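Following: one structure in structure tokens, then a few remarks.
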Amino acid sequence: MKTLNLVSADKRNEVPLSQFVERIIEQHSFTVKEQQSIVVNLIHPGLKLNTGELLTGSIISRLIKVMVAHSRYGQIAISAKELYGKMIELNIKDENCCNTYGIALSLQDVVPMAEKAGGRLNILNRKQKITTVSFSFPVVNDKDSGHSFFG
């Protein structure tokens with residue numbers, strides 16, 4: 001799995017989550033074009049990702065890669081929101097998903113990673129074609145000496 005190199009000498013630097021996601025989308029632009037899909041980044045630029053937190057970044061990268069790979073004529077929207085000041089929920093929604101089962105199978109190995117990061121992974125399928133992969137994780141990871149995922 002290819003990861004983005006956003007980590008600087010100061011491991012506590014933060015980047016906008018929207019910028020991080022945009023770089024992942026760019027990495028998969030060939031697949032998006034080949035699948036004749038569209039990916040829209042709707043993440044507010046105020047949400048920040050701690051670049052020292054590689055596990056969370058790897059999970060996000062993997063989720064986007066899987067959604068793009070299983071998309072065909074897809075309309076994928078990526079959004080995020082803060083929940084109760086303690087959690088962040090990242091949603092990747094495909095409005096024209098043709099392979100929810102394939103997505104679920106491809107993400108089986110990501111579930112333990114999400115749990116290790118102190119979060120959880122959900123896959124929702126509505127009206128047969130609308131599939132949302134949701135990754136919720138703590139704003140502060142208690143297992144990692146209080147390093148913040150977001151500022």
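Ordering of the structure tokens sets the chain letters (A, B, ...); residue numbers start at 1 within each chain; ligands are numbered from 1 in the order shown.
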
Skip range 118-120 of chain A itself and residues of its chain fewer than 6 positions away, then list as a VMD selection string all residues within 7 Å of it, counting only C-alpha atoms.
chain A and resid 135 to 138 141

Using DSSP on the backbone coordinates, identify the residues of chain A assigned to helix (DSSP H, G or I); present them as an MDAnalysis selection string.
chainID A and resid 17:27 29:34 54:69 100:106 110:116 142:144

Please save N, CA and C atoms of the selected residues as a compact mmCIF listing (two decimals), in the first residue's frame.
```
# COMPACT_ATOMS: atom_id res chain seq x y z
N LEU A 17 -7.06 18.37 6.45
CA LEU A 17 -7.52 17.05 6.01
C LEU A 17 -7.95 17.11 4.55
N SER A 18 -8.56 18.21 4.14
CA SER A 18 -8.99 18.35 2.74
C SER A 18 -7.80 18.28 1.79
N GLN A 19 -6.67 18.87 2.18
CA GLN A 19 -5.46 18.83 1.35
C GLN A 19 -4.91 17.40 1.29
N PHE A 20 -4.89 16.71 2.41
CA PHE A 20 -4.43 15.32 2.46
C PHE A 20 -5.28 14.45 1.53
N VAL A 21 -6.60 14.60 1.63
CA VAL A 21 -7.52 13.82 0.79
C VAL A 21 -7.33 14.18 -0.68
N GLU A 22 -7.12 15.44 -0.98
CA GLU A 22 -6.92 15.87 -2.37
C GLU A 22 -5.70 15.18 -2.98
N ARG A 23 -4.64 15.05 -2.20
CA ARG A 23 -3.43 14.37 -2.70
C ARG A 23 -3.71 12.89 -2.97
N ILE A 24 -4.51 12.26 -2.13
CA ILE A 24 -4.87 10.86 -2.35
C ILE A 24 -5.70 10.73 -3.62
N ILE A 25 -6.64 11.64 -3.81
CA ILE A 25 -7.48 11.63 -5.01
C ILE A 25 -6.59 11.78 -6.26
N GLU A 26 -5.62 12.67 -6.20
CA GLU A 26 -4.70 12.86 -7.32
C GLU A 26 -3.93 11.59 -7.63
N GLN A 27 -3.52 10.85 -6.59
CA GLN A 27 -2.81 9.59 -6.80
C GLN A 27 -3.66 8.58 -7.58
N SER A 29 -6.12 9.41 -9.75
CA SER A 29 -6.83 10.10 -10.84
C SER A 29 -6.94 9.24 -12.10
N PHE A 30 -5.92 8.43 -12.39
CA PHE A 30 -5.99 7.56 -13.56
C PHE A 30 -7.13 6.55 -13.41
N THR A 31 -7.24 5.94 -12.24
CA THR A 31 -8.31 4.96 -12.00
C THR A 31 -9.67 5.63 -12.04
N VAL A 32 -9.79 6.83 -11.47
CA VAL A 32 -11.05 7.57 -11.50
C VAL A 32 -11.48 7.80 -12.94
N LYS A 33 -10.53 8.25 -13.77
CA LYS A 33 -10.83 8.50 -15.18
C LYS A 33 -11.18 7.20 -15.91
N GLU A 34 -10.41 6.15 -15.64
CA GLU A 34 -10.65 4.85 -16.28
C GLU A 34 -12.03 4.30 -15.89
N LEU A 54 0.49 8.21 11.25
CA LEU A 54 0.54 7.48 9.99
C LEU A 54 -0.58 6.45 9.85
N LEU A 55 -1.02 5.85 10.95
CA LEU A 55 -2.06 4.82 10.88
C LEU A 55 -3.36 5.41 10.35
N THR A 56 -3.78 6.54 10.88
CA THR A 56 -5.01 7.18 10.42
C THR A 56 -4.90 7.56 8.95
N GLY A 57 -3.79 8.13 8.55
CA GLY A 57 -3.58 8.49 7.15
C GLY A 57 -3.61 7.28 6.23
N SER A 58 -3.03 6.18 6.68
CA SER A 58 -3.03 4.95 5.88
C SER A 58 -4.44 4.41 5.71
N ILE A 59 -5.24 4.48 6.77
CA ILE A 59 -6.63 4.01 6.69
C ILE A 59 -7.41 4.86 5.70
N ILE A 60 -7.29 6.17 5.81
CA ILE A 60 -8.01 7.07 4.91
C ILE A 60 -7.60 6.81 3.46
N SER A 61 -6.31 6.65 3.22
CA SER A 61 -5.81 6.37 1.88
C SER A 61 -6.40 5.07 1.33
N ARG A 62 -6.41 4.05 2.15
CA ARG A 62 -6.94 2.75 1.74
C ARG A 62 -8.44 2.83 1.43
N LEU A 63 -9.20 3.55 2.24
CA LEU A 63 -10.64 3.68 2.01
C LEU A 63 -10.93 4.33 0.65
N ILE A 64 -10.22 5.40 0.37
CA ILE A 64 -10.44 6.09 -0.90
C ILE A 64 -10.04 5.20 -2.07
N LYS A 65 -8.92 4.52 -1.94
CA LYS A 65 -8.44 3.62 -3.00
C LYS A 65 -9.48 2.54 -3.30
N VAL A 66 -10.03 1.93 -2.27
CA VAL A 66 -11.02 0.86 -2.46
C VAL A 66 -12.30 1.40 -3.09
N MET A 67 -12.76 2.55 -2.62
CA MET A 67 -14.00 3.12 -3.19
C MET A 67 -13.82 3.46 -4.67
N VAL A 68 -12.69 4.02 -5.02
CA VAL A 68 -12.42 4.38 -6.42
C VAL A 68 -12.30 3.12 -7.27
N ALA A 69 -11.61 2.11 -6.75
CA ALA A 69 -11.40 0.88 -7.51
C ALA A 69 -12.70 0.15 -7.80
N THR A 100 -21.07 -3.02 -3.73
CA THR A 100 -20.92 -2.87 -2.28
C THR A 100 -20.28 -4.11 -1.66
N TYR A 101 -20.62 -5.28 -2.16
CA TYR A 101 -20.06 -6.52 -1.65
C TYR A 101 -18.54 -6.54 -1.85
N GLY A 102 -18.08 -6.13 -3.01
CA GLY A 102 -16.64 -6.07 -3.29
C GLY A 102 -15.94 -5.08 -2.38
N ILE A 103 -16.59 -3.95 -2.08
CA ILE A 103 -16.02 -2.96 -1.18
C ILE A 103 -15.87 -3.56 0.22
N ALA A 104 -16.92 -4.23 0.70
CA ALA A 104 -16.88 -4.85 2.03
C ALA A 104 -15.76 -5.88 2.13
N LEU A 105 -15.62 -6.70 1.10
CA LEU A 105 -14.55 -7.70 1.10
C LEU A 105 -13.17 -7.05 1.10
N SER A 106 -13.02 -6.00 0.32
CA SER A 106 -11.72 -5.33 0.20
C SER A 106 -11.31 -4.60 1.47
N VAL A 110 -8.97 -3.69 6.86
CA VAL A 110 -8.87 -2.33 7.39
C VAL A 110 -9.57 -2.22 8.75
N VAL A 111 -10.54 -3.10 9.02
CA VAL A 111 -11.28 -3.04 10.27
C VAL A 111 -10.36 -3.11 11.49
N PRO A 112 -9.42 -4.08 11.56
CA PRO A 112 -8.52 -4.10 12.72
C PRO A 112 -7.63 -2.85 12.81
N MET A 113 -7.27 -2.29 11.67
CA MET A 113 -6.47 -1.06 11.66
C MET A 113 -7.28 0.09 12.28
N ALA A 114 -8.56 0.17 11.90
CA ALA A 114 -9.43 1.22 12.43
C ALA A 114 -9.58 1.07 13.94
N GLU A 115 -9.73 -0.17 14.40
CA GLU A 115 -9.85 -0.42 15.84
C GLU A 115 -8.56 -0.06 16.57
N LYS A 116 -7.43 -0.36 15.96
CA LYS A 116 -6.13 -0.01 16.56
C LYS A 116 -5.98 1.50 16.70
N ASP A 142 -5.82 8.40 22.85
CA ASP A 142 -5.30 8.17 24.19
C ASP A 142 -4.18 7.14 24.20
N LYS A 143 -4.18 6.22 23.24
CA LYS A 143 -3.17 5.17 23.18
C LYS A 143 -1.83 5.70 22.68
N ASP A 144 -1.81 6.91 22.14
CA ASP A 144 -0.60 7.44 21.51
C ASP A 144 -0.12 8.70 22.23
```

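Going from CA of Met87 in chain A to CA of Ser37 in chain A covers 29.8 Å.
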
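As for CA of Glu89 in chain A and CA of Thr131 in chain A, they are spaced 15.6 Å apart.
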
Any chance you could list, as a PyMOL selection string, the residues in chain A that come up strand (DSSP E or B) when DSSP is run on the backbone?
chain A and resi 14-16+38-41+48-50+75-83+87-94+120-126+130-138+140+148

Shell around range 71-80 of chain A at 6 Å using only C-alpha atoms, local window under 2 positions removed, as a VMD selection string
chain A and resid 35 to 43 68 to 69 89 to 97

Can you write just those residues out, N, CA and C atoms, as a tab-separated table (two decimals), in the first residue's frame?
```
chain	number	residue	atom	x	y	z
A	35	GLN	N	-12.45	4.50	-14.66
A	35	GLN	CA	-13.75	4.02	-14.19
A	35	GLN	C	-14.88	4.97	-14.59
A	36	GLN	N	-14.53	6.05	-15.23
A	36	GLN	CA	-15.48	7.07	-15.66
A	36	GLN	C	-16.31	7.58	-14.47
A	37	SER	N	-15.60	7.85	-13.39
A	37	SER	CA	-16.22	8.31	-12.17
A	37	SER	C	-15.81	9.75	-11.87
A	38	ILE	N	-16.46	10.31	-10.85
A	38	ILE	CA	-16.17	11.66	-10.38
A	38	ILE	C	-15.95	11.58	-8.88
A	39	VAL	N	-14.90	12.26	-8.37
A	39	VAL	CA	-14.64	12.32	-6.94
A	39	VAL	C	-14.64	13.79	-6.53
A	40	VAL	N	-15.44	14.12	-5.53
A	40	VAL	CA	-15.55	15.49	-5.04
A	40	VAL	C	-15.13	15.52	-3.57
A	41	ASN	N	-14.21	16.41	-3.26
A	41	ASN	CA	-13.72	16.59	-1.89
A	41	ASN	C	-14.53	17.71	-1.23
A	42	LEU	N	-15.38	17.36	-0.27
A	42	LEU	CA	-16.24	18.33	0.41
A	42	LEU	C	-15.78	18.64	1.84
A	43	ILE	N	-14.56	18.28	2.17
A	43	ILE	CA	-14.07	18.44	3.54
A	43	ILE	C	-13.71	19.90	3.81
A	68	VAL	N	-12.69	4.02	-5.02
A	68	VAL	CA	-12.42	4.38	-6.42
A	68	VAL	C	-12.30	3.12	-7.27
A	69	ALA	N	-11.61	2.11	-6.75
A	69	ALA	CA	-11.40	0.88	-7.51
A	69	ALA	C	-12.70	0.15	-7.80
A	89	GLU	N	-15.67	12.00	11.98
A	89	GLU	CA	-16.29	11.01	11.09
A	89	GLU	C	-15.99	11.40	9.64
A	90	LEU	N	-15.28	10.53	8.95
A	90	LEU	CA	-14.97	10.71	7.53
A	90	LEU	C	-15.95	9.84	6.76
A	91	ASN	N	-16.66	10.42	5.80
A	91	ASN	CA	-17.62	9.68	4.98
A	91	ASN	C	-17.21	9.72	3.52
A	92	ILE	N	-17.22	8.55	2.90
A	92	ILE	CA	-16.96	8.44	1.46
A	92	ILE	C	-18.20	7.79	0.87
A	93	LYS	N	-18.94	8.57	0.10
A	93	LYS	CA	-20.25	8.15	-0.39
A	93	LYS	C	-20.24	8.08	-1.91
A	94	ASP	N	-20.63	6.92	-2.43
A	94	ASP	CA	-20.74	6.73	-3.88
A	94	ASP	C	-22.22	6.65	-4.22
A	95	GLU	N	-22.70	7.62	-4.98
A	95	GLU	CA	-24.12	7.71	-5.35
A	95	GLU	C	-24.52	6.74	-6.45
A	96	ASN	N	-23.54	6.06	-7.04
A	96	ASN	CA	-23.85	5.14	-8.13
A	96	ASN	C	-23.00	3.87	-7.98
A	97	CYS	N	-22.97	3.33	-6.77
A	97	CYS	CA	-22.12	2.19	-6.47
A	97	CYS	C	-22.70	0.90	-7.05
```

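Shortest atom-to-atom contact with Asn99 in chain A among A:Asn13, A:Val133, A:His70, A:Gln128: A:His70, counting only C-alpha atoms.
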